[in-house]
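Colleague: I have a structure I would like to understand better, so I am pasting it below and will then ask my questions one at a time.
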Amino acid sequence: MRFAKLLFLAVVAAAAAGPAQAQDKSRLMQIVERGTLKVGTTGDFNPMSIRDPATKSFKGYEIDAAEDLAKALGVKLELVPTDWPTLVAGITAGRYDIFMGGSSMNTGRAKTIAYTVPYIETGTVPVFQKSAAGKFKSWEDINQAGVTVAVVLGTVFEQQAKQHFPKATVKSVQPPASGFQEVLAGRADVTITSSIDAQGIVARYTALGHMPFEAARNKRPFGYIVAQGDPTWLNYVDTWIYLKKSEGFFDALEKKWFGGEGK
């Protein structure tokens with residue numbers, strides 16, 4: 001009787017532990033078992049993540065990186081469209097395993113998500129009509145009453161615009177609208193974006209120019225975003241980044257996508 005009771009208690013304990021152990025299973029193991037790596041990306045950050053509106057297909061620096069990460073894992077790649085205001089919610093809700101779209105590291109997001117080690121560094125530069133280049137020679141020239149700075153809602157650039165241009169009017173636009181489109185249309189004077197994005201923008205729209213990269217502010221590293229509380233998955237991605245950096249993989253991506261070949 002005593003043995004039967006002990007056996008019953010052991011079965012109950014095992015049953016109770018089962019769901020907890022399943023919940024504690026690393027996302028790395030979930031990905032391998034599923035056979036698919038789900039990558040969140042926006043498709044609106046040229047040349048990092050570009051989405052063709054006609055075919056809905058993606059290409060870019062980050063898409064090449066995502067394909068390589070999936071290959072390293074031995075699984076298929078599934079790209080999950082997302083946007084900047086909801087990308088953190090997508091990670092915490094488990095809609096994708098990792099965000100790879102060109103995200104600069106900041107302490108605000110780090111309160112709710114985890115960043116990998118950096119794989120590239122960039123800075124923020126103002127973009128404006130070339131005809132206004134003489135008017136906007138410095139950041140302080142932009143920080144003036146009567147100047148409108150357009151930025152995408154929910155991005156680090158919205159935060160930076162409010163920080164750097166308290167005297168100007170900061171106009172936050174909802175995706176799929178963009179800051180540079182507001183400048184092109186004459187609804188804003190300036191937008192700010194990463195030096196990476198600026199290169200792609202001025203290459204595609206010859207009416208636009210940007211402040212010299214030497215004047216860039218908020219220089220910061222980029223890191224991929226994963227959920228907090230999973231050191232096994234974070235360690236795997238960090239290890240992949242370290243190896244790929246030593247192999248020159250990210251240098252090759254810079255040459256391809258920032259040098260004009262992939263634009």
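In the structure tokens, chains take the letters A, B, ... in the order shown, each chain's residues start at 1, and ligands count up from 1 in the order shown.
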Which polymer residues have any atom within 12 Å of an atom of Lys111 of chain A, counting only C-alpha atoms, with same-chain residues fewer than 5 positions away left out, as a list in words?

Modeller: Val88, Thr92, Met105, Asn106, Ile225, Ala227, Gln228 and Gly229 of chain A

Colleague: For Ala72 of chain A, find every residue with an atom within 12 Å (counting only C-alpha atoms), except residues of its own chain fewer than 5 positions away, and show them as a list in words.

Modeller: Leu28, Ile31, Val32, Thr36, Leu37, Ala65, Ala66, Glu67, Leu77, Tyr236, Val237, Thr239, Trp240, Ile241, Leu243 and Lys244 of chain A

Colleague: Measure the distance from atom CA of Thr169 of chain A to atom CA of Ala203 of chain A in Å and round it to one decimal.

Modeller: 27.0 Å

Colleague: Using only C-alpha atoms, which residue out of A:Gly40, A:Gly94, A:Gly179, A:Gly248 lies closest to Val80 of chain A?

Modeller: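 Of A:Gly40, A:Gly94, A:Gly179, A:Gly248, the one nearest Val80 of chain A, counting only C-alpha atoms, is A:Gly40.
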
Colleague: Report, in Å to a single decimal, how far apart atom CA of Arg34 of chain A and atom CA of Ser103 of chain A are.

Modeller: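 Computed distance, atom CA of Ser103 of chain A to atom CA of Arg34 of chain A, equals 26.1 Å.
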
Colleague: Give me the residues near Phe180 of chain A as a PDB file with N, CA and C atoms, in the first residue's frame, where near means some atom within 8 Å (using only C-alpha atoms) and where sequence neighbours in that chain fewer than 5 positions away do not count.

Modeller:
```pdb
ATOM      1  N   VAL A 127      18.759  63.545 -43.384  1.00  0.00           N
ATOM      2  CA  VAL A 127      18.540  63.476 -44.834  1.00  0.00           C
ATOM      3  C   VAL A 127      17.553  64.580 -45.198  1.00  0.00           C
ATOM      4  N   PHE A 128      17.832  65.281 -46.294  1.00  0.00           N
ATOM      5  CA  PHE A 128      16.999  66.415 -46.701  1.00  0.00           C
ATOM      6  C   PHE A 128      17.093  66.594 -48.206  1.00  0.00           C
ATOM      7  N   ALA A 150      10.554  64.557 -39.908  1.00  0.00           N
ATOM      8  CA  ALA A 150       9.671  63.393 -40.002  1.00  0.00           C
ATOM      9  C   ALA A 150      10.434  62.122 -39.652  1.00  0.00           C
ATOM     10  N   VAL A 190      13.229  67.585 -43.020  1.00  0.00           N
ATOM     11  CA  VAL A 190      14.351  66.697 -42.705  1.00  0.00           C
ATOM     12  C   VAL A 190      13.812  65.381 -42.167  1.00  0.00           C
ATOM     13  N   THR A 191      14.559  64.321 -42.377  1.00  0.00           N
ATOM     14  CA  THR A 191      14.354  63.094 -41.626  1.00  0.00           C
ATOM     15  C   THR A 191      15.711  62.656 -41.111  1.00  0.00           C
ATOM     16  N   ILE A 201      18.989  55.454 -49.602  1.00  0.00           N
ATOM     17  CA  ILE A 201      17.988  56.457 -49.957  1.00  0.00           C
ATOM     18  C   ILE A 201      18.512  57.416 -51.020  1.00  0.00           C
TER      19      ILE A 201
END
```

Colleague: When distances are computed from only C-alpha atoms, which of A:Lys135, A:Thr112, A:Gly102, A:Leu208 shows the smallest separation from Gly90 of chain A?

Modeller: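 Between A:Lys135, A:Thr112, A:Gly102, A:Leu208, the residue approaching Gly90 of chain A most closely is A:Thr112.
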
Colleague: From a DSSP pass on the backbone, collect the residues of segment 107-262 of chain A flagged as strand (DSSP E or B) and hand them back as a VMD selection string.

Modeller: chain A and resid 113 to 115 120 to 129 148 to 152 169 to 173 190 to 194 208 to 210 217 to 222 225 to 227

Colleague: Restrict the selected residues to N, CA, C and O atoms and save them as a compact mmCIF listing (two decimals), in the first residue's frame.

Modeller:
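The new file selection.txt reads:
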```
# COMPACT_ATOMS: atom_id res chain seq x y z
N ILE A 113 13.44 42.78 -24.11
CA ILE A 113 13.98 41.78 -25.03
C ILE A 113 15.48 41.63 -24.77
O ILE A 113 16.05 42.36 -23.96
N ALA A 114 16.11 40.69 -25.45
CA ALA A 114 17.56 40.49 -25.32
C ALA A 114 18.22 40.76 -26.66
O ALA A 114 17.68 40.38 -27.71
N TYR A 115 19.36 41.41 -26.62
CA TYR A 115 20.16 41.64 -27.83
C TYR A 115 21.29 40.62 -27.91
O TYR A 115 21.86 40.23 -26.89
N ILE A 120 27.53 44.87 -36.42
CA ILE A 120 27.86 46.01 -37.26
C ILE A 120 27.60 47.27 -36.44
O ILE A 120 26.87 47.24 -35.44
N GLU A 121 28.19 48.40 -36.85
CA GLU A 121 27.97 49.67 -36.17
C GLU A 121 27.59 50.73 -37.19
O GLU A 121 28.07 50.72 -38.32
N THR A 122 26.70 51.61 -36.78
CA THR A 122 26.27 52.69 -37.66
C THR A 122 26.04 53.94 -36.83
O THR A 122 26.23 53.94 -35.62
N GLY A 123 25.61 55.02 -37.47
CA GLY A 123 25.30 56.27 -36.78
C GLY A 123 24.10 56.92 -37.44
O GLY A 123 23.64 56.48 -38.49
N THR A 124 23.59 57.98 -36.82
CA THR A 124 22.42 58.68 -37.35
C THR A 124 22.84 59.91 -38.12
O THR A 124 23.66 60.70 -37.64
N VAL A 125 22.27 60.09 -39.32
CA VAL A 125 22.54 61.28 -40.13
C VAL A 125 21.23 61.88 -40.62
O VAL A 125 20.27 61.15 -40.88
N PRO A 126 21.17 63.21 -40.75
CA PRO A 126 19.99 63.86 -41.31
C PRO A 126 19.96 63.71 -42.84
O PRO A 126 21.01 63.74 -43.50
N VAL A 127 18.76 63.55 -43.38
CA VAL A 127 18.54 63.48 -44.83
C VAL A 127 17.55 64.58 -45.20
O VAL A 127 16.54 64.77 -44.50
N PHE A 128 17.83 65.28 -46.29
CA PHE A 128 17.00 66.41 -46.70
C PHE A 128 17.09 66.59 -48.21
O PHE A 128 17.87 65.90 -48.88
N GLN A 129 16.31 67.52 -48.73
CA GLN A 129 16.39 67.85 -50.15
C GLN A 129 17.77 68.46 -50.42
O GLN A 129 18.26 69.27 -49.64
N THR A 148 10.42 71.05 -39.75
CA THR A 148 9.68 69.82 -39.46
C THR A 148 10.56 68.61 -39.74
O THR A 148 11.13 68.48 -40.84
N VAL A 149 10.70 67.75 -38.75
CA VAL A 149 11.51 66.54 -38.86
C VAL A 149 10.57 65.34 -38.84
O VAL A 149 9.87 65.12 -37.84
N ALA A 150 10.55 64.56 -39.91
CA ALA A 150 9.67 63.39 -40.00
C ALA A 150 10.43 62.12 -39.65
O ALA A 150 11.55 61.90 -40.14
N VAL A 151 9.84 61.30 -38.81
CA VAL A 151 10.43 60.02 -38.41
C VAL A 151 9.33 58.97 -38.30
O VAL A 151 8.15 59.31 -38.17
N VAL A 152 9.72 57.71 -38.35
CA VAL A 152 8.74 56.62 -38.25
C VAL A 152 8.41 56.35 -36.80
O VAL A 152 9.29 56.24 -35.95
N THR A 169 9.65 70.87 -35.01
CA THR A 169 8.44 70.06 -34.94
C THR A 169 8.76 68.63 -35.37
O THR A 169 9.23 68.42 -36.50
N VAL A 170 8.58 67.68 -34.48
CA VAL A 170 8.84 66.28 -34.81
C VAL A 170 7.52 65.64 -35.25
O VAL A 170 6.55 65.60 -34.49
N LYS A 171 7.51 65.14 -36.48
CA LYS A 171 6.32 64.54 -37.06
C LYS A 171 6.51 63.02 -37.13
O LYS A 171 7.34 62.53 -37.89
N SER A 172 5.76 62.28 -36.33
CA SER A 172 5.87 60.81 -36.31
C SER A 172 4.84 60.23 -37.27
O SER A 172 3.65 60.50 -37.15
N VAL A 173 5.32 59.43 -38.23
CA VAL A 173 4.44 58.86 -39.25
C VAL A 173 4.31 57.36 -39.03
O VAL A 173 5.23 56.70 -38.56
N VAL A 190 13.23 67.58 -43.02
CA VAL A 190 14.35 66.70 -42.71
C VAL A 190 13.81 65.38 -42.17
O VAL A 190 12.73 65.33 -41.57
N THR A 191 14.56 64.32 -42.38
CA THR A 191 14.35 63.09 -41.63
C THR A 191 15.71 62.66 -41.11
O THR A 191 16.75 63.13 -41.61
N ILE A 192 15.74 61.82 -40.11
CA ILE A 192 17.01 61.25 -39.66
C ILE A 192 16.91 59.74 -39.75
O ILE A 192 15.86 59.15 -39.49
N THR A 193 18.01 59.13 -40.11
CA THR A 193 18.04 57.69 -40.24
C THR A 193 19.48 57.21 -40.08
O THR A 193 20.39 58.02 -39.91
N SER A 194 19.68 55.92 -40.16
CA SER A 194 21.03 55.39 -40.01
C SER A 194 21.86 55.73 -41.24
O SER A 194 21.33 55.93 -42.34
N LEU A 208 17.55 63.86 -53.06
CA LEU A 208 17.88 63.89 -51.64
C LEU A 208 19.39 63.81 -51.40
O LEU A 208 20.13 63.24 -52.19
N GLY A 209 19.80 64.40 -50.30
CA GLY A 209 21.19 64.32 -49.87
C GLY A 209 21.22 64.10 -48.37
O GLY A 209 20.18 64.11 -47.71
N HIS A 210 22.41 63.91 -47.82
CA HIS A 210 22.53 63.71 -46.38
C HIS A 210 23.73 64.47 -45.84
O HIS A 210 24.65 64.83 -46.58
N ARG A 217 25.64 61.30 -35.45
CA ARG A 217 25.45 61.23 -34.00
C ARG A 217 24.88 59.86 -33.64
O ARG A 217 24.50 59.08 -34.49
N ASN A 218 24.83 59.62 -32.33
CA ASN A 218 24.24 58.37 -31.81
C ASN A 218 24.85 57.14 -32.47
O ASN A 218 24.12 56.22 -32.86
N LYS A 219 26.17 57.16 -32.60
CA LYS A 219 26.82 55.98 -33.15
C LYS A 219 26.56 54.81 -32.21
O LYS A 219 26.70 54.93 -31.00
N ARG A 220 26.15 53.71 -32.79
CA ARG A 220 25.71 52.59 -31.98
C ARG A 220 25.83 51.29 -32.74
O ARG A 220 25.79 51.27 -33.97
N PRO A 221 25.93 50.20 -32.02
CA PRO A 221 26.00 48.89 -32.67
C PRO A 221 24.61 48.35 -32.99
O PRO A 221 23.62 48.76 -32.40
N PHE A 222 24.57 47.45 -33.95
CA PHE A 222 23.35 46.72 -34.26
C PHE A 222 23.45 45.33 -33.63
O PHE A 222 24.52 44.71 -33.64
N ILE A 225 17.60 40.65 -32.21
CA ILE A 225 16.71 40.64 -31.05
C ILE A 225 16.11 39.26 -30.85
O ILE A 225 15.56 38.66 -31.79
N VAL A 226 16.21 38.75 -29.62
CA VAL A 226 15.58 37.49 -29.23
C VAL A 226 14.84 37.71 -27.91
O VAL A 226 14.98 38.77 -27.29
N ALA A 227 14.07 36.72 -27.50
CA ALA A 227 13.34 36.84 -26.24
C ALA A 227 14.29 36.70 -25.06
O ALA A 227 15.32 36.03 -25.12
```
